Number of protein chains: 2
Amino acid sequence: MALVVKKFGGSSVATTKKILAVAERILSEKKPDDKIVVVVSAMGDSTDNLITLAEGIDKHPYKSAYLREMDMLLTTGEQVSISLLAMAFQKLGHPAISLTGAMVGMKTDSVHTKGRILNINPSRVFEELDKGNIVVVAGFQGADKFGDPVTLGRGGSDASAVALAGAMKADECEIFTDVDGIYSADPRIVKGARKMKEITYREMLEMARLGAGVMQPRSVEMGYYFNIPIHVRSTFNDKVGTVIREDYTMEDNYFEIRGVAHDQKVAKVAILGVDNQPGIAHKIFSALAKANISVDMIVQSIRNLERNITDIVFTIEQTDLSEAKKVIDKVAEDINATTVLVEEDVAKVSIVGAGMVGSPGVASKMFGALAKAGINIDIISTSEISVSCLIKGSQLTEAVNAIHDEFFSE
Amino acid sequence: MALVVKKFGGSSVATTKKILAVAERILSEKKPDDKIVVVVSAMGDSTDNLITLAEGIDKHPYKSAYLREMDMLLTTGEQVSISLLAMAFQKLGHPAISLTGAMVGMKTDSVHTKGRILNINPSRVFEELDKGNIVVVAGFQGADKFGDPVTLGRGGSDASAVALAGAMKADECEIFTDVDGIYSADPRIVKGARKMKEITYREMLEMARLGAGVMQPRSVEMGYYFNIPIHVRSTFNDKVGTVIREDYTMEDNYFEIRGVAHDQKVAKVAILGVDNQPGIAHKIFSALAKANISVDMIVQSIRNLERNITDIVFTIEQTDLSEAKKVIDKVAEDINATTVLVEEDVAKVSIVGAGMVGSPGVASKMFGALAKAGINIDIISTSEISVSCLIKGSQLTEAVNAIHDEFFSE
């Protein structure tokens, strides 16, 4: 017997036909004693349709005064899909019941449209499982202390599935998605990318932070917190996917790194010819922080030791570039910098793996691979379980393939 | 200051434009200190669209196993309209909040899709009113002891508005509808029909029972129980409508009757030539009751005193006729009746008024009006506050007008 939470996204339940297919698939995989909780999102583009309705009242429905009512409106989306999926199970001969976020005891704060889960009391879910039901739960939503509906914002459906699995001490949380697992590099870029059998929470978080888009960091953190294995697998086939867990259970760990991540949505800012005085870096980065701009890689290098002149180079998200330019032009004047350069044709390529701790050769192997491919490295930054290089954006595909070949060719 | 519950049906909130118009109208009528609760149905045909979705899972979504999930599905309809109406009030500058049936403490039994209200604890509604909000409430729904959503079935939105008004001891419950009040006869049939200023609960119940379609008996009973005045008025203009209440408050009571009701959806069954023995009537009507067929008017008359032979004539709803025919043909054989006749071209015309108690002239005045118009009476039945005549269906319009002229011409 296993207690499993399975999560299906909006595209998996976009039509009643697909909803019947999801029910059929779950029943075909279910062993007689398994206890199944299914978390679903709203059907296909139904959330967009609800937003369009709200725009009929006010063109800007995400004004703060409206947010509570937006949540009242948007939570109906999942309520529709859960009722239909519960009916689909019944149609196929298995008892099932649907429960909203409020009904599964998903207690959130009151930050409407961007709620955070505070705690979960899933007693109703256990009751319904004990009656023999498959329990269908509305993802992406909970209720605050007033009992008002609250949606969980970006990545919320995955988060509610993993959190519910955690609160129920489930054996596993399965996330069904449009890819069949986590790969050693983006398979759209690297032909020989390998599907991992397992990856640790920390590695997955680092991969996500460095650009791998399959899982939102939020739900990986939730899995880490509750120590719930997260099985990422495909909606379209029944292959085993990748399990995100605390540690490896199999002899699957014979590569020095877990994967190669990349991020194209970066931009570089260089402030050149700055007098190297105490407080210069603080001036620059506090001005950016005030403008709510996150800085990623930072390098400061002495250009002229005698005159104590330095260059400061850093990366930000591409979408923040025009705002950052305004902020930095002001600061540059203030600190007497000679030049401010910005560059959009950059990309970040990273290797990730807990195994690289205490393997000093790993980083140099990465640099070697890039050198062999004739790719110049602009900035290097490292964490405990990753090494990242900023390179020319136009060389990204080449770089990712070169590094992947270096580490994963047998 | 007044505490008023206002109810708008689905056609009044069919589009976001209409929702904005409803909000505008309510604000234009609101005095600064008024406390307003608005009960709304689902938008236009949104309930039908939800049912169509359910039919995508199973062509017969009203099977008993599905009913709980149908309620989970259908209650989203009002949740959409309340959130949009609350946003509309905010857009127009007045604070407002939406609450589902469960959130206003509308406790029901667990008879899904046909729930009955058990009790109401509207503390949240009072809290929100005290904060200065207009409170927008989902009609047609409540929650049972498990917290599961339950819809209230036919006439449910009116019933939840009146019940909420009762539980809150509101000053009045306004029902906005497509007619501007209760008339002394159907204005589509009688040109000179008068809009009543007031009518008692008992008279309104009798009018509804005898065919007047404006209000479902259910919500009138609810108003009677809680002693809440129900003001039936038009969505399309701001005229005063008709107030249903315990007793008249105005000198509006100078006609002997309150109104003329009619019902075309009746059929007549005659069982002729029956031996008049004890138990004959019981045999006939218990057979019909078993088949769940309601009988309305009943007449038994002796045809041949010497041989003690009798005829039994009664009316039923037209939709029950073919089923009733089967039942009666069997019984007729059993009791040796000579003939069974059925007749669809019949109609019932009735006068209603609490004032007719102790006015023996009223009934004969009605019969006289029919006689003058050359209309034959087939069956007569009376209650404490009404007299009904079964006549030829083709003569209905003539009959209603003749009676109305007799009582309402000055």
# chains A, B, ... in the order shown; residues from 1 in each chain; ligands from 1
$ closest_atom_pairs --of "chain A" --to "chain B" --cutoff "8 Å" --atoms "only C-alpha atoms" --output "tab-separated table"
residue	atom	partner	partner_atom	distance
A:Thr16	CA	B:Gly56	CA	5.5
A:Lys17	CA	B:Gly56	CA	7.3
A:Leu20	CA	B:Ile57	CA	7.0
A:Leu53	CA	B:Thr16	CA	7.0
A:Ala54	CA	B:Leu84	CA	6.4
A:Gly56	CA	B:Thr16	CA	5.5
A:Ile57	CA	B:Ala88	CA	5.9
A:Asp58	CA	B:Lys91	CA	6.9
A:Ala65	CA	B:Gln90	CA	7.6
A:Tyr66	CA	B:Met87	CA	6.2
A:Glu69	CA	B:Ser83	CA	5.0
A:Met70	CA	B:Ser83	CA	7.0
A:Met72	CA	B:Ser83	CA	5.9
A:Leu73	CA	B:Val80	CA	5.2
A:Thr76	CA	B:Thr76	CA	5.3
A:Gln79	CA	B:Leu73	CA	6.5
A:Val80	CA	B:Leu73	CA	5.2
A:Ser83	CA	B:Glu69	CA	5.0
A:Leu84	CA	B:Ala54	CA	6.4
A:Ala86	CA	B:Glu69	CA	7.0
A:Met87	CA	B:Tyr66	CA	6.2
A:Ala88	CA	B:Ile57	CA	5.9
A:Gln90	CA	B:Ala65	CA	7.6
A:Lys91	CA	B:Asp58	CA	6.9
A:Ile97	CA	B:Glu69	CA	7.4
A:Ser98	CA	B:Glu69	CA	7.1
A:Met103	CA	B:Gly147	CA	7.6
A:Gly147	CA	B:Met103	CA	7.6
$ select_by_dssp --residues "range 303-406 of chain A" --states "alpha helix (DSSP H)" --output "CSV table (one decimal) with C-alpha atoms, in the first residue's frame"
chain,number,residue,atom,x,y,z
A,321,LEU,CA,18.0,46.4,-17.8
A,322,SER,CA,16.4,49.7,-18.8
A,323,GLU,CA,15.4,50.5,-15.2
A,324,ALA,CA,18.9,49.5,-14.0
A,325,LYS,CA,20.5,51.8,-16.6
A,326,LYS,CA,18.7,54.8,-15.2
A,327,VAL,CA,19.8,54.0,-11.7
A,328,ILE,CA,23.4,53.3,-12.6
A,329,ASP,CA,23.8,56.4,-14.8
A,330,LYS,CA,22.9,58.5,-11.7
A,331,VAL,CA,25.3,56.6,-9.4
A,332,ALA,CA,28.1,56.7,-11.9
A,333,GLU,CA,28.0,60.4,-11.9
A,334,ASP,CA,28.0,60.5,-8.1
A,361,GLY,CA,39.4,19.4,-10.9
A,362,VAL,CA,35.8,19.9,-11.9
A,363,ALA,CA,35.8,23.7,-12.4
A,364,SER,CA,39.0,23.6,-14.4
A,365,LYS,CA,37.5,20.8,-16.6
A,366,MET,CA,34.6,23.1,-17.4
A,367,PHE,CA,37.0,26.0,-18.3
A,368,GLY,CA,39.0,23.6,-20.4
A,369,ALA,CA,35.9,22.5,-22.3
A,370,LEU,CA,35.0,26.1,-23.0
A,371,ALA,CA,38.6,27.0,-24.1
A,372,LYS,CA,38.8,24.0,-26.5
A,396,LEU,CA,25.5,29.5,-25.6
A,397,THR,CA,24.4,26.3,-27.5
A,398,GLU,CA,28.0,25.5,-28.4
A,399,ALA,CA,29.1,26.1,-24.8
A,400,VAL,CA,26.4,23.9,-23.2
A,401,ASN,CA,27.2,21.1,-25.6
A,402,ALA,CA,30.9,21.4,-25.1
A,403,ILE,CA,30.6,21.2,-21.3
A,404,HIS,CA,28.0,18.4,-21.4
A,405,ASP,CA,30.2,16.3,-23.7
A,406,GLU,CA,33.1,16.8,-21.4
$ residues_around --residues "Glu246 in chain B" --least-positions-apart "4" --cutoff "12 Å" --atoms "only C-alpha atoms" --output "JSON list (two decimals) with N, CA and C atoms, in the first residue's frame"
[["chain", "number", "residue", "atom", "x", "y", "z"],
["B", 198, "GLU", "N", -50.23, 45.87, -2.01],
["B", 198, "GLU", "CA", -49.91, 44.90, -0.97],
["B", 198, "GLU", "C", -50.72, 43.64, -1.17],
["B", 199, "ILE", "N", -50.22, 42.55, -0.64],
["B", 199, "ILE", "CA", -50.96, 41.29, -0.62],
["B", 199, "ILE", "C", -50.44, 40.50, 0.58],
["B", 200, "THR", "N", -51.31, 39.73, 1.22],
["B", 200, "THR", "CA", -50.83, 38.98, 2.38],
["B", 200, "THR", "C", -50.11, 37.70, 1.91],
["B", 201, "TYR", "N", -49.26, 37.15, 2.81],
["B", 201, "TYR", "CA", -48.56, 35.90, 2.49],
["B", 201, "TYR", "C", -49.55, 34.82, 2.08],
["B", 202, "ARG", "N", -50.67, 34.70, 2.85],
["B", 202, "ARG", "CA", -51.63, 33.63, 2.58],
["B", 202, "ARG", "C", -52.27, 33.79, 1.21],
["B", 203, "GLU", "N", -52.62, 35.03, 0.88],
["B", 203, "GLU", "CA", -53.22, 35.27, -0.43],
["B", 203, "GLU", "C", -52.22, 34.99, -1.54],
["B", 204, "MET", "N", -50.97, 35.41, -1.34],
["B", 204, "MET", "CA", -49.95, 35.19, -2.35],
["B", 204, "MET", "C", -49.69, 33.70, -2.54],
["B", 205, "LEU", "N", -49.67, 32.96, -1.44],
["B", 205, "LEU", "CA", -49.48, 31.50, -1.53],
["B", 205, "LEU", "C", -50.62, 30.87, -2.32],
["B", 220, "VAL", "N", -42.34, 32.59, -0.42],
["B", 220, "VAL", "CA", -43.44, 33.26, 0.26],
["B", 220, "VAL", "C", -43.65, 32.64, 1.64],
["B", 221, "GLU", "N", -43.58, 31.31, 1.68],
["B", 221, "GLU", "CA", -43.68, 30.61, 2.97],
["B", 221, "GLU", "C", -42.58, 31.07, 3.92],
["B", 223, "GLY", "N", -41.02, 33.93, 3.87],
["B", 223, "GLY", "CA", -41.33, 35.28, 4.33],
["B", 223, "GLY", "C", -42.38, 35.26, 5.44],
["B", 224, "TYR", "N", -43.38, 34.39, 5.27],
["B", 224, "TYR", "CA", -44.45, 34.22, 6.26],
["B", 224, "TYR", "C", -43.84, 33.76, 7.58],
["B", 225, "TYR", "N", -42.98, 32.76, 7.49],
["B", 225, "TYR", "CA", -42.35, 32.18, 8.68],
["B", 225, "TYR", "C", -41.57, 33.24, 9.46],
["B", 226, "PHE", "N", -40.77, 34.04, 8.73],
["B", 226, "PHE", "CA", -39.91, 35.03, 9.38],
["B", 226, "PHE", "C", -40.60, 36.39, 9.54],
["B", 227, "ASN", "N", -41.82, 36.51, 8.95],
["B", 227, "ASN", "CA", -42.54, 37.79, 8.94],
["B", 227, "ASN", "C", -41.69, 38.92, 8.34],
["B", 228, "ILE", "N", -41.11, 38.65, 7.16],
["B", 228, "ILE", "CA", -40.31, 39.64, 6.44],
["B", 228, "ILE", "C", -41.12, 40.15, 5.24],
["B", 229, "PRO", "N", -41.36, 41.44, 5.15],
["B", 229, "PRO", "CA", -42.04, 41.97, 3.96],
["B", 229, "PRO", "C", -41.20, 41.69, 2.71],
["B", 230, "ILE", "N", -41.85, 41.16, 1.68],
["B", 230, "ILE", "CA", -41.17, 40.87, 0.41],
["B", 230, "ILE", "C", -41.68, 41.85, -0.63],
["B", 354, "ALA", "N", -58.54, 37.10, 1.12],
["B", 354, "ALA", "CA", -58.87, 36.80, 2.52],
["B", 354, "ALA", "C", -60.21, 37.44, 2.87]]
$ atom_distance --atom1 "CA of Phe255 in chain A" --atom2 "CA of Val357 in chain A"
13.1 Å
$ select_by_dssp --residues "range 142-243 of chain A" --states "strand (DSSP E)" --output "list in words"
Gly142, Ala143, Pro149, Val150, Thr151, Glu172, Cys173, Glu174, Ile175, Phe176, Thr177, Glu198, Ile199, Thr200, Ile230, His231, Val232, Arg233, Ser234, Thr242 and Val243 of chain A
$ residues_around --residues "Ile312 in chain A" --least-positions-apart "2" --cutoff "9 Å" --atoms "only C-alpha atoms" --output "number ranges by chain"
A: 269-274, 281, 298-302, 310, 314
$ write_last_selection --atoms "C-alpha atoms" --output "compact mmCIF listing (two decimals), in the first residue's frame"
# COMPACT_ATOMS: atom_id res chain seq x y z
CA VAL A 269 26.49 45.99 -16.66
CA ALA A 270 30.06 47.29 -16.38
CA ILE A 271 31.04 50.41 -14.46
CA LEU A 272 34.56 51.29 -15.50
CA GLY A 273 37.25 53.54 -14.03
CA VAL A 274 35.98 53.93 -10.50
CA ALA A 281 30.17 48.92 -3.98
CA ILE A 298 29.51 40.40 -9.32
CA VAL A 299 33.18 40.92 -10.15
CA GLN A 300 35.41 43.73 -9.03
CA SER A 301 38.87 43.93 -10.54
CA ILE A 302 41.74 46.38 -10.14
CA THR A 310 38.87 49.62 -10.39
CA PHE A 314 27.70 42.49 -12.61
$ atom_distance --atom1 "CA of Phe8 in chain A" --atom2 "CA of Thr235 in chain A"
7.7 Å
$ residues_around --residues "range 149-151 of chain B" --least-positions-apart "2" --cutoff "6 Å" --atoms "only C-alpha atoms" --output "JSON, numbers by chain"
{"B": [71, 72, 112, 113, 115, 140, 141, 142, 143, 153]}
$ write_last_selection --atoms "N, CA and C atoms" --output "mmCIF file, in the first residue's frame"
data_model
loop_
_atom_site.group_PDB
_atom_site.id
_atom_site.type_symbol
_atom_site.label_atom_id
_atom_site.label_comp_id
_atom_site.auth_asym_id
_atom_site.auth_seq_id
_atom_site.Cartn_x
_atom_site.Cartn_y
_atom_site.Cartn_z
ATOM 1 N N ASP B 71 -23.195 19.817 -7.394
ATOM 2 C CA ASP B 71 -23.284 20.999 -6.536
ATOM 3 C C ASP B 71 -21.931 21.702 -6.420
ATOM 4 N N MET B 72 -20.852 20.908 -6.329
ATOM 5 C CA MET B 72 -19.504 21.501 -6.295
ATOM 6 C C MET B 72 -19.283 22.322 -7.574
ATOM 7 N N HIS B 112 -28.348 16.945 -2.078
ATOM 8 C CA HIS B 112 -27.668 17.724 -3.105
ATOM 9 C C HIS B 112 -28.565 18.011 -4.309
ATOM 10 N N THR B 113 -28.445 19.209 -4.846
ATOM 11 C CA THR B 113 -29.207 19.802 -5.965
ATOM 12 C C THR B 113 -30.655 20.146 -5.591
ATOM 13 N N GLY B 115 -31.395 21.016 -2.009
ATOM 14 C CA GLY B 115 -31.211 21.221 -0.574
ATOM 15 C C GLY B 115 -32.286 22.102 0.041
ATOM 16 N N PHE B 140 -29.001 30.710 -3.936
ATOM 17 C CA PHE B 140 -29.189 29.371 -4.499
ATOM 18 C C PHE B 140 -28.269 28.335 -3.849
ATOM 19 N N GLN B 141 -27.467 28.739 -2.836
ATOM 20 C CA GLN B 141 -26.505 27.778 -2.296
ATOM 21 C C GLN B 141 -26.298 27.931 -0.798
ATOM 22 N N GLY B 142 -25.911 26.826 -0.191
ATOM 23 C CA GLY B 142 -25.504 26.817 1.195
ATOM 24 C C GLY B 142 -24.487 25.709 1.381
ATOM 25 N N ALA B 143 -24.256 25.309 2.627
ATOM 26 C CA ALA B 143 -23.334 24.212 2.886
ATOM 27 C C ALA B 143 -23.951 23.311 3.948
ATOM 28 N N GLY B 153 -32.088 24.097 -5.342
ATOM 29 C CA GLY B 153 -33.157 23.664 -6.234
ATOM 30 C C GLY B 153 -34.077 24.794 -6.651
#
$ atom_distance --atom1 "CA of Val352 in chain A" --atom2 "CA of Arg154 in chain A"
24.5 Å
$ residues_around --residues "Phe236 in chain B" --least-positions-apart "2" --cutoff "10 Å" --atoms "only C-alpha atoms" --output "PDB file with N, CA and C atoms, in the first residue's frame"
ATOM      1  N   SER B  12     -30.492  39.522 -14.775  1.00  0.00           N
ATOM      2  CA  SER B  12     -30.073  40.879 -14.377  1.00  0.00           C
ATOM      3  C   SER B  12     -28.557  41.006 -14.317  1.00  0.00           C
ATOM      4  N   VAL B  22     -26.446  47.029 -12.399  1.00  0.00           N
ATOM      5  CA  VAL B  22     -27.090  46.664 -11.127  1.00  0.00           C
ATOM      6  C   VAL B  22     -26.425  47.412  -9.972  1.00  0.00           C
ATOM      7  N   ARG B  25     -27.440  51.073 -10.018  1.00  0.00           N
ATOM      8  CA  ARG B  25     -28.804  51.276  -9.567  1.00  0.00           C
ATOM      9  C   ARG B  25     -28.908  51.185  -8.055  1.00  0.00           C
ATOM     10  N   PHE B 176     -36.037  41.572  -7.216  1.00  0.00           N
ATOM     11  CA  PHE B 176     -36.069  42.247  -8.514  1.00  0.00           C
ATOM     12  C   PHE B 176     -36.330  41.211  -9.596  1.00  0.00           C
ATOM     13  N   THR B 177     -37.319  41.505 -10.457  1.00  0.00           N
ATOM     14  CA  THR B 177     -37.725  40.495 -11.433  1.00  0.00           C
ATOM     15  C   THR B 177     -38.142  41.188 -12.728  1.00  0.00           C
ATOM     16  N   ASP B 178     -38.636  40.421 -13.695  1.00  0.00           N
ATOM     17  CA  ASP B 178     -38.952  41.027 -14.990  1.00  0.00           C
ATOM     18  C   ASP B 178     -40.363  41.602 -15.056  1.00  0.00           C
ATOM     19  N   VAL B 179     -41.132  41.491 -13.977  1.00  0.00           N
ATOM     20  CA  VAL B 179     -42.418  42.189 -13.913  1.00  0.00           C
ATOM     21  C   VAL B 179     -42.327  43.190 -12.770  1.00  0.00           C
ATOM     22  N   ASP B 180     -43.225  44.190 -12.774  1.00  0.00           N
ATOM     23  CA  ASP B 180     -43.037  45.230 -11.757  1.00  0.00           C
ATOM     24  C   ASP B 180     -43.954  45.077 -10.551  1.00  0.00           C
ATOM     25  N   ARG B 233     -40.463  43.780  -7.295  1.00  0.00           N
ATOM     26  CA  ARG B 233     -40.394  44.976  -8.146  1.00  0.00           C
ATOM     27  C   ARG B 233     -39.542  44.730  -9.379  1.00  0.00           C
ATOM     28  N   SER B 234     -39.536  45.685 -10.285  1.00  0.00           N
ATOM     29  CA  SER B 234     -38.899  45.476 -11.586  1.00  0.00           C
ATOM     30  C   SER B 234     -37.408  45.803 -11.577  1.00  0.00           C
ATOM     31  N   ASP B 238     -37.622  52.002 -11.590  1.00  0.00           N
ATOM     32  CA  ASP B 238     -37.527  52.144 -10.138  1.00  0.00           C
ATOM     33  C   ASP B 238     -38.875  52.393  -9.480  1.00  0.00           C
ATOM     34  N   LYS B 239     -39.963  51.967 -10.161  1.00  0.00           N
ATOM     35  CA  LYS B 239     -41.301  52.064  -9.572  1.00  0.00           C
ATOM     36  C   LYS B 239     -41.415  51.175  -8.339  1.00  0.00           C
TER      37      LYS B 239
END
$ residues_around --residues "Ser219 in chain B" --least-positions-apart "4" --cutoff "9 Å" --atoms "only C-alpha atoms" --output "list of chain:residue names"
B:Gly155, B:Gly156, B:Ser157, B:Asp158, B:Ala159, B:Ser160, B:Ala161, B:Val162, B:Ala163, B:Met215, B:Gly223, B:Tyr224
$ closest_residue --among "B:Gly393, B:Gly279, B:Pro360, B:Gly105" --to "Ala347 in chain B" --atoms "only C-alpha atoms"
B:Gly393
$ decode --residues "range 262-284 of chain A" --atoms "N, CA and C atoms" --output "mmCIF file, in the first residue's frame"
data_model
loop_
_atom_site.group_PDB
_atom_site.id
_atom_site.type_symbol
_atom_site.label_atom_id
_atom_site.label_comp_id
_atom_site.auth_asym_id
_atom_site.auth_seq_id
_atom_site.Cartn_x
_atom_site.Cartn_y
_atom_site.Cartn_z
ATOM 1 N N HIS A 262 21.486 26.499 -17.974
ATOM 2 C CA HIS A 262 21.849 27.729 -18.674
ATOM 3 C C HIS A 262 20.744 28.748 -18.547
ATOM 4 N N ASP A 263 21.089 29.982 -18.738
ATOM 5 C CA ASP A 263 20.139 31.083 -18.583
ATOM 6 C C ASP A 263 20.488 32.163 -19.597
ATOM 7 N N GLN A 264 19.515 32.417 -20.507
ATOM 8 C CA GLN A 264 19.772 33.410 -21.545
ATOM 9 C C GLN A 264 19.228 34.778 -21.167
ATOM 10 N N LYS A 265 18.407 34.808 -20.129
ATOM 11 C CA LYS A 265 17.705 36.061 -19.806
ATOM 12 C C LYS A 265 18.535 36.931 -18.879
ATOM 13 N N VAL A 266 19.826 37.058 -19.177
ATOM 14 C CA VAL A 266 20.692 37.876 -18.332
ATOM 15 C C VAL A 266 21.253 39.036 -19.147
ATOM 16 N N ALA A 267 21.675 40.061 -18.436
ATOM 17 C CA ALA A 267 22.331 41.211 -19.066
ATOM 18 C C ALA A 267 23.510 41.598 -18.175
ATOM 19 N N LYS A 268 24.502 42.216 -18.808
ATOM 20 C CA LYS A 268 25.717 42.573 -18.066
ATOM 21 C C LYS A 268 25.816 44.089 -17.980
ATOM 22 N N VAL A 269 26.225 44.566 -16.831
ATOM 23 C CA VAL A 269 26.488 45.994 -16.660
ATOM 24 C C VAL A 269 27.928 46.151 -16.176
ATOM 25 N N ALA A 270 28.677 47.044 -16.809
ATOM 26 C CA ALA A 270 30.061 47.290 -16.380
ATOM 27 C C ALA A 270 30.225 48.764 -16.036
ATOM 28 N N ILE A 271 30.749 49.028 -14.862
ATOM 29 C CA ILE A 271 31.040 50.412 -14.463
ATOM 30 C C ILE A 271 32.562 50.530 -14.398
ATOM 31 N N LEU A 272 33.107 51.308 -15.311
ATOM 32 C CA LEU A 272 34.560 51.292 -15.498
ATOM 33 C C LEU A 272 35.213 52.549 -14.936
ATOM 34 N N GLY A 273 36.460 52.389 -14.459
ATOM 35 C CA GLY A 273 37.246 53.535 -14.031
ATOM 36 C C GLY A 273 36.747 54.201 -12.773
ATOM 37 N N VAL A 274 36.501 53.393 -11.754
ATOM 38 C CA VAL A 274 35.982 53.932 -10.497
ATOM 39 C C VAL A 274 37.127 54.044 -9.488
ATOM 40 N N ASP A 275 37.177 55.150 -8.754
ATOM 41 C CA ASP A 275 38.138 55.267 -7.653
ATOM 42 C C ASP A 275 37.822 54.210 -6.603
ATOM 43 N N ASN A 276 38.822 53.404 -6.271
ATOM 44 C CA ASN A 276 38.553 52.292 -5.351
ATOM 45 C C ASN A 276 38.556 52.760 -3.904
ATOM 46 N N GLN A 277 37.446 53.311 -3.474
ATOM 47 C CA GLN A 277 37.338 53.789 -2.090
ATOM 48 C C GLN A 277 36.302 52.984 -1.340
ATOM 49 N N PRO A 278 36.410 52.919 0.004
ATOM 50 C CA PRO A 278 35.402 52.180 0.778
ATOM 51 C C PRO A 278 34.014 52.765 0.514
ATOM 52 N N GLY A 279 33.030 51.891 0.382
ATOM 53 C CA GLY A 279 31.652 52.364 0.220
ATOM 54 C C GLY A 279 31.185 52.475 -1.215
ATOM 55 N N ILE A 280 32.091 52.293 -2.182
ATOM 56 C CA ILE A 280 31.709 52.393 -3.595
ATOM 57 C C ILE A 280 30.707 51.295 -3.976
ATOM 58 N N ALA A 281 31.043 50.049 -3.649
ATOM 59 C CA ALA A 281 30.171 48.918 -3.980
ATOM 60 C C ALA A 281 28.821 49.083 -3.295
ATOM 61 N N HIS A 282 28.865 49.523 -2.048
ATOM 62 C CA HIS A 282 27.613 49.721 -1.303
ATOM 63 C C HIS A 282 26.719 50.726 -2.017
ATOM 64 N N LYS A 283 27.311 51.841 -2.470
ATOM 65 C CA LYS A 283 26.524 52.862 -3.167
ATOM 66 C C LYS A 283 25.806 52.285 -4.387
ATOM 67 N N ILE A 284 26.567 51.514 -5.165
ATOM 68 C CA ILE A 284 25.996 50.939 -6.389
ATOM 69 C C ILE A 284 24.863 49.971 -6.084
#
